[in-house]
Amino acid sequence: MSKKELKTRNNSLQDPAYLGESCSRDPWPGESPSWLTKLLAKDSIEKFDTLPIPDPPSDSIIGSLERAGLVKRGDVFVFDTTNKTFYGIWSLGRQICGHPGIVHGGVISLIMDDTIGRLFGLMKVRNALPSQAPGVTAKLSLKYHKPLKSFCTIVVCASLKEVAGRKVRLFAELRDGPDGDVFASADTLFVSLDLDGAPTGVNMGEVVGE
């Protein structure tokens with residue numbers, strides 16, 4: 001990149017439109033998308049204002065991003081009893097980009113992992129898992145399908161694939177609606193812990209090295 005090109009690029013990064021200065025006036029998309037209204041109206045949908053899962057601690061990255069006005073979780077958690085899919089609704093601000101106007105892949109990974117973890121928690125409290133112990137992400141294999149523009153409302157659709165003892169495999173897709181375009185997908189392995197916070201019956205090194 002020439003000095004002239006570099007100067008042009010650096011100047012563009014100072015543009016208020018890129019820096020998101022308007023976020024203080026209009027931080028989130030103004031209206032709920034039509035797909036969300038249709039999803040919440042389905043007879044097979046269970047809606048939870050809260051889940052019986054502890055709130056994130058004060059030092060959690062999700063909580064920090066929410067307090068900074070960068071991301072916002074939906075007001076309800078949604079589970080479809082027909083297709084056994086858990087839906088995590090998220091609104092994304094402007095200042096979470098890698099390339100200008102494009103949501104950073106790390107943010108996508110973060111919100112997908114958080115949604116998958118909440119499905120794990122829901123299954124645990126409903127006794128759908130062999131253990132009531134907490135779980136952790138042992139492996140997250142992510143595929144990015146297309147760029148996701150910032151300042152949008154999206155949904156992470158998560159479902160259970162397999163339970164094998166302490167190992168729980170889940171799958172998720174990030175879409176612009178339950179039947180919309182797929183922007184990212186993730187195959188995930190959760191491992192249940194014992195009460196001391198250590199894996200029970202599972203060698204974490206072997207699990208991650210699969």
# chains A, B, ... in the order shown; residues from 1 in each chain; ligands from 1
$ select_by_dssp --residues "segment 95-191 of chain A" --states "strand (DSSP E or B)" --output "ChimeraX atom specification"
/A:97,102-103,135-144,149,152-164,167-175,182-191
$ write_last_selection --atoms "C-alpha atoms" --output "compact mmCIF listing (two decimals), in the first residue's frame"
# COMPACT_ATOMS: atom_id res chain seq x y z
CA CYS A 97 -16.61 -4.00 12.98
CA ILE A 102 -18.84 -5.43 8.57
CA VAL A 103 -19.27 -7.14 11.96
CA GLY A 135 -20.56 -27.04 31.25
CA VAL A 136 -17.87 -25.30 29.22
CA THR A 137 -17.06 -24.95 25.55
CA ALA A 138 -14.40 -27.50 24.69
CA LYS A 139 -14.44 -26.99 20.94
CA LEU A 140 -16.03 -24.38 18.67
CA SER A 141 -15.63 -24.94 14.94
CA LEU A 142 -16.90 -21.86 13.11
CA LYS A 143 -17.50 -21.28 9.42
CA TYR A 144 -18.16 -17.80 8.00
CA LYS A 149 -23.37 -5.78 7.97
CA CYS A 152 -28.92 -5.09 12.39
CA THR A 153 -31.06 -7.60 14.26
CA ILE A 154 -30.10 -11.24 13.77
CA VAL A 155 -30.98 -14.62 15.21
CA VAL A 156 -28.75 -17.50 16.29
CA CYS A 157 -30.58 -20.80 15.74
CA ALA A 158 -29.13 -23.51 18.00
CA SER A 159 -30.01 -27.19 18.30
CA LEU A 160 -28.79 -30.35 19.99
CA LYS A 161 -26.94 -32.90 17.87
CA GLU A 162 -25.76 -35.59 20.29
CA VAL A 163 -25.28 -36.39 23.96
CA ALA A 164 -22.56 -38.91 24.78
CA LYS A 167 -19.94 -34.64 25.92
CA VAL A 168 -22.74 -32.58 24.38
CA ARG A 169 -22.56 -31.67 20.70
CA LEU A 170 -24.59 -28.74 19.41
CA PHE A 171 -25.00 -26.90 16.13
CA ALA A 172 -25.90 -23.29 15.44
CA GLU A 173 -26.41 -20.91 12.53
CA LEU A 174 -26.44 -17.12 12.56
CA ARG A 175 -29.15 -15.87 10.20
CA VAL A 182 -26.83 -18.01 6.79
CA PHE A 183 -23.90 -15.77 7.72
CA ALA A 184 -22.06 -18.19 10.01
CA SER A 185 -22.42 -21.73 11.34
CA ALA A 186 -20.81 -23.50 14.28
CA ASP A 187 -20.28 -27.08 15.39
CA THR A 188 -19.75 -27.03 19.14
CA LEU A 189 -18.69 -29.47 21.82
CA PHE A 190 -19.63 -28.75 25.43
CA VAL A 191 -18.24 -30.79 28.32
$ closest_atom_pairs --of "segment 88-167 of chain A" --to "segment 56-71 of chain A" --cutoff "9 Å" --atoms "only C-alpha atoms" --output "CSV"
residue,atom,partner,partner_atom,distance
A:Trp90,CA,A:Val71,CA,7.1
A:Ser91,CA,A:Val71,CA,5.8
A:Leu92,CA,A:Val71,CA,4.7
A:Gly93,CA,A:Leu70,CA,5.0
A:Arg94,CA,A:Leu70,CA,7.1
A:Gln95,CA,A:Leu70,CA,6.4
A:Ile96,CA,A:Leu70,CA,6.6
A:Leu110,CA,A:Ile62,CA,8.0
A:Ile111,CA,A:Ile62,CA,8.0
A:Asp114,CA,A:Ile62,CA,8.1
$ write_last_selection --atoms "all heavy atoms" --output "CSV table (one decimal), in the first residue's frame"
chain,number,residue,atom,x,y,z
A,90,TRP,N,-30.5,-11.1,18.7
A,90,TRP,CA,-29.5,-10.1,19.0
A,90,TRP,C,-29.6,-8.8,18.1
A,90,TRP,O,-29.9,-9.0,17.0
A,90,TRP,CB,-28.1,-10.6,18.8
A,90,TRP,CG,-27.7,-11.8,19.7
A,90,TRP,CD1,-28.1,-13.1,19.5
A,90,TRP,CD2,-26.9,-11.8,20.9
A,90,TRP,NE1,-27.6,-13.9,20.5
A,90,TRP,CE2,-26.9,-13.1,21.4
A,90,TRP,CE3,-26.3,-10.8,21.6
A,90,TRP,CZ2,-26.1,-13.4,22.5
A,90,TRP,CZ3,-25.6,-11.1,22.7
A,90,TRP,CH2,-25.5,-12.4,23.2
A,91,SER,N,-29.4,-7.7,18.7
A,91,SER,CA,-29.3,-6.4,18.0
A,91,SER,C,-27.8,-6.0,18.0
A,91,SER,O,-27.2,-6.0,19.1
A,91,SER,CB,-30.2,-5.3,18.5
A,91,SER,OG,-31.5,-5.6,18.3
A,92,LEU,N,-27.3,-5.7,16.9
A,92,LEU,CA,-25.8,-5.3,16.8
A,92,LEU,C,-25.7,-3.9,16.5
A,92,LEU,O,-26.3,-3.4,15.5
A,92,LEU,CB,-25.1,-6.2,15.8
A,92,LEU,CG,-25.3,-7.7,16.0
A,92,LEU,CD1,-24.6,-8.5,14.9
A,92,LEU,CD2,-24.9,-8.2,17.4
A,93,GLY,N,-24.8,-3.2,17.2
A,93,GLY,CA,-24.6,-1.8,16.9
A,93,GLY,C,-23.6,-1.6,15.8
A,93,GLY,O,-23.4,-2.5,14.9
A,94,ARG,N,-23.0,-0.4,15.7
A,94,ARG,CA,-22.1,0.0,14.6
A,94,ARG,C,-20.7,-0.2,14.9
A,94,ARG,O,-19.9,-0.5,14.0
A,94,ARG,CB,-22.4,1.4,14.2
A,94,ARG,CG,-23.7,1.7,13.5
A,94,ARG,CD,-23.8,3.1,13.0
A,94,ARG,NE,-25.0,3.3,12.2
A,94,ARG,CZ,-26.1,3.8,12.7
A,94,ARG,NH1,-26.2,4.2,14.0
A,94,ARG,NH2,-27.2,4.0,11.9
A,95,GLN,N,-20.3,-0.1,16.1
A,95,GLN,CA,-18.8,0.0,16.5
A,95,GLN,C,-18.3,-1.4,16.9
A,95,GLN,O,-17.6,-1.5,17.9
A,95,GLN,CB,-18.6,1.0,17.6
A,95,GLN,CG,-18.9,2.4,17.1
A,95,GLN,CD,-18.7,3.5,18.2
A,95,GLN,OE1,-19.4,3.5,19.2
A,95,GLN,NE2,-17.7,4.3,18.0
A,96,ILE,N,-18.7,-2.4,16.1
A,96,ILE,CA,-18.2,-3.8,16.4
A,96,ILE,C,-17.6,-4.4,15.1
A,96,ILE,O,-17.7,-5.6,14.9
A,96,ILE,CB,-19.4,-4.6,16.9
A,96,ILE,CG1,-20.6,-4.6,16.0
A,96,ILE,CG2,-19.8,-4.2,18.4
A,96,ILE,CD1,-21.7,-5.5,16.3
A,110,LEU,N,-18.5,-14.9,19.5
A,110,LEU,CA,-18.9,-14.6,20.9
A,110,LEU,C,-20.4,-14.8,21.1
A,110,LEU,O,-20.9,-15.5,22.0
A,110,LEU,CB,-18.5,-13.2,21.3
A,110,LEU,CG,-18.8,-12.8,22.7
A,110,LEU,CD1,-18.0,-13.6,23.7
A,110,LEU,CD2,-18.6,-11.3,22.9
A,111,ILE,N,-21.2,-14.2,20.2
A,111,ILE,CA,-22.7,-14.3,20.4
A,111,ILE,C,-23.2,-15.7,20.1
A,111,ILE,O,-24.2,-16.1,20.7
A,111,ILE,CB,-23.4,-13.2,19.7
A,111,ILE,CG1,-23.2,-13.3,18.1
A,111,ILE,CG2,-23.0,-11.8,20.1
A,111,ILE,CD1,-24.0,-12.3,17.3
A,114,ASP,N,-22.4,-17.8,23.2
A,114,ASP,CA,-23.3,-17.4,24.3
A,114,ASP,C,-24.6,-18.1,24.1
A,114,ASP,O,-25.2,-18.6,25.0
A,114,ASP,CB,-23.4,-15.9,24.4
A,114,ASP,CG,-24.3,-15.5,25.5
A,114,ASP,OD1,-23.7,-15.3,26.7
A,114,ASP,OD2,-25.5,-15.2,25.3
$ atom_distance --atom1 "atom CA of His145 of chain A" --atom2 "atom CA of Asp181 of chain A"
9.2 Å
$ select_by_dssp --residues "segment 52-186 of chain A" --states "helix (DSSP H, G or I)" --output "PyMOL selection string"
chain A and resi 61-67+105-125
$ write_last_selection --atoms "N, CA, C and O atoms" --output "CSV table (one decimal), in the first residue's frame"
chain,number,residue,atom,x,y,z
A,61,ILE,N,-17.9,-10.6,29.3
A,61,ILE,CA,-17.7,-9.8,28.1
A,61,ILE,C,-19.0,-9.4,27.5
A,61,ILE,O,-19.2,-8.3,26.9
A,62,ILE,N,-20.0,-10.3,27.5
A,62,ILE,CA,-21.3,-10.0,27.0
A,62,ILE,C,-21.9,-8.8,27.7
A,62,ILE,O,-22.4,-7.8,27.1
A,63,GLY,N,-21.9,-8.8,29.1
A,63,GLY,CA,-22.4,-7.7,29.9
A,63,GLY,C,-21.7,-6.4,29.6
A,63,GLY,O,-22.3,-5.4,29.5
A,64,SER,N,-20.3,-6.5,29.4
A,64,SER,CA,-19.6,-5.3,29.1
A,64,SER,C,-19.9,-4.7,27.8
A,64,SER,O,-20.1,-3.5,27.6
A,65,LEU,N,-20.2,-5.6,26.8
A,65,LEU,CA,-20.6,-5.1,25.4
A,65,LEU,C,-22.0,-4.5,25.5
A,65,LEU,O,-22.2,-3.4,24.8
A,66,GLU,N,-22.8,-5.1,26.3
A,66,GLU,CA,-24.2,-4.5,26.4
A,66,GLU,C,-24.2,-3.1,27.1
A,66,GLU,O,-24.8,-2.2,26.7
A,67,ARG,N,-23.4,-3.0,28.2
A,67,ARG,CA,-23.3,-1.8,28.9
A,67,ARG,C,-22.7,-0.7,28.1
A,67,ARG,O,-23.0,0.5,28.2
A,105,GLY,N,-15.5,-10.9,13.0
A,105,GLY,CA,-15.8,-12.3,13.2
A,105,GLY,C,-15.7,-12.8,14.6
A,105,GLY,O,-16.4,-13.7,15.0
A,106,GLY,N,-14.9,-12.1,15.4
A,106,GLY,CA,-14.8,-12.4,16.9
A,106,GLY,C,-16.1,-12.2,17.6
A,106,GLY,O,-16.5,-12.9,18.5
A,107,VAL,N,-16.8,-11.1,17.2
A,107,VAL,CA,-18.1,-10.8,17.8
A,107,VAL,C,-19.1,-11.8,17.4
A,107,VAL,O,-19.9,-12.3,18.3
A,108,ILE,N,-19.1,-12.3,16.2
A,108,ILE,CA,-20.0,-13.3,15.7
A,108,ILE,C,-19.8,-14.6,16.5
A,108,ILE,O,-20.7,-15.3,17.0
A,109,SER,N,-18.5,-15.0,16.7
A,109,SER,CA,-18.2,-16.2,17.5
A,109,SER,C,-18.7,-16.0,18.9
A,109,SER,O,-19.2,-17.0,19.5
A,110,LEU,N,-18.5,-14.9,19.5
A,110,LEU,CA,-18.9,-14.6,20.9
A,110,LEU,C,-20.4,-14.8,21.1
A,110,LEU,O,-20.9,-15.5,22.0
A,111,ILE,N,-21.2,-14.2,20.2
A,111,ILE,CA,-22.7,-14.3,20.4
A,111,ILE,C,-23.2,-15.7,20.1
A,111,ILE,O,-24.2,-16.1,20.7
A,112,MET,N,-22.5,-16.4,19.2
A,112,MET,CA,-23.0,-17.7,18.9
A,112,MET,C,-22.6,-18.6,20.1
A,112,MET,O,-23.5,-19.5,20.5
A,113,ASP,N,-21.5,-18.5,20.6
A,113,ASP,CA,-21.1,-19.3,21.8
A,113,ASP,C,-22.0,-19.0,23.0
A,113,ASP,O,-22.4,-19.9,23.7
A,114,ASP,N,-22.4,-17.8,23.2
A,114,ASP,CA,-23.3,-17.4,24.3
A,114,ASP,C,-24.6,-18.1,24.1
A,114,ASP,O,-25.2,-18.6,25.0
A,115,THR,N,-25.2,-18.0,22.9
A,115,THR,CA,-26.5,-18.6,22.6
A,115,THR,C,-26.5,-20.1,22.8
A,115,THR,O,-27.4,-20.7,23.4
A,116,ILE,N,-25.4,-20.7,22.3
A,116,ILE,CA,-25.3,-22.2,22.4
A,116,ILE,C,-25.2,-22.6,23.9
A,116,ILE,O,-25.8,-23.6,24.3
A,117,GLY,N,-24.5,-21.8,24.7
A,117,GLY,CA,-24.4,-22.0,26.1
A,117,GLY,C,-25.7,-21.9,26.8
A,117,GLY,O,-26.0,-22.7,27.8
A,118,ARG,N,-26.6,-21.0,26.4
A,118,ARG,CA,-27.9,-20.9,27.0
A,118,ARG,C,-28.8,-22.1,26.6
A,118,ARG,O,-29.6,-22.5,27.4
A,119,LEU,N,-28.6,-22.6,25.4
A,119,LEU,CA,-29.4,-23.9,25.1
A,119,LEU,C,-28.9,-25.0,26.0
A,119,LEU,O,-29.7,-25.8,26.5
A,120,PHE,N,-27.6,-25.1,26.2
A,120,PHE,CA,-27.0,-26.1,27.1
A,120,PHE,C,-27.6,-26.0,28.5
A,120,PHE,O,-28.0,-26.9,29.1
A,121,GLY,N,-27.7,-24.7,29.0
A,121,GLY,CA,-28.3,-24.5,30.3
A,121,GLY,C,-29.7,-24.9,30.3
A,121,GLY,O,-30.2,-25.4,31.3
A,122,LEU,N,-30.5,-24.6,29.3
A,122,LEU,CA,-31.9,-24.9,29.3
A,122,LEU,C,-32.1,-26.4,29.3
A,122,LEU,O,-33.0,-26.9,30.0
A,123,MET,N,-31.3,-27.1,28.5
A,123,MET,CA,-31.4,-28.6,28.6
A,123,MET,C,-31.1,-29.2,29.9
A,123,MET,O,-31.7,-30.1,30.4
A,124,LYS,N,-30.1,-28.5,30.6
A,124,LYS,CA,-29.7,-29.0,31.9
A,124,LYS,C,-30.8,-28.9,32.9
A,124,LYS,O,-31.1,-29.8,33.6
A,125,VAL,N,-31.4,-27.7,33.0
A,125,VAL,CA,-32.4,-27.5,34.0
A,125,VAL,C,-33.7,-28.3,33.7
A,125,VAL,O,-34.5,-28.5,34.6
$ closest_residue --among "A:Thr81, A:Arg166, A:Ser34, A:Ile45" --to "Pro134 of chain A" --atoms "only C-alpha atoms"
A:Arg166
$ closest_residue --among "A:Lys146, A:Lys47, A:Lys84, A:Arg126" --to "His104 of chain A" --atoms "only C-alpha atoms"
A:Lys146
$ closest_residue --among "A:Leu148, A:Val76, A:Ala133, A:Ala41" --to "Asp176 of chain A" --atoms "only C-alpha atoms"
A:Leu148
$ closest_residue --among "A:Gly88, A:Pro29, A:Gly101, A:Gly74" --to "Pro147 of chain A" --atoms "only C-alpha atoms"
A:Gly101
$ atom_distance --atom1 "atom CA of Phe151 of chain A" --atom2 "atom CA of Phe77 of chain A"
20.6 Å
$ closest_residue --among "A:Thr85, A:Ser150, A:Thr37, A:Gln132" --to "Gly98 of chain A" --atoms "only C-alpha atoms"
A:Ser150
$ atom_distance --atom1 "atom CA of Gly180 of chain A" --atom2 "atom CA of Val78 of chain A"
16.9 Å
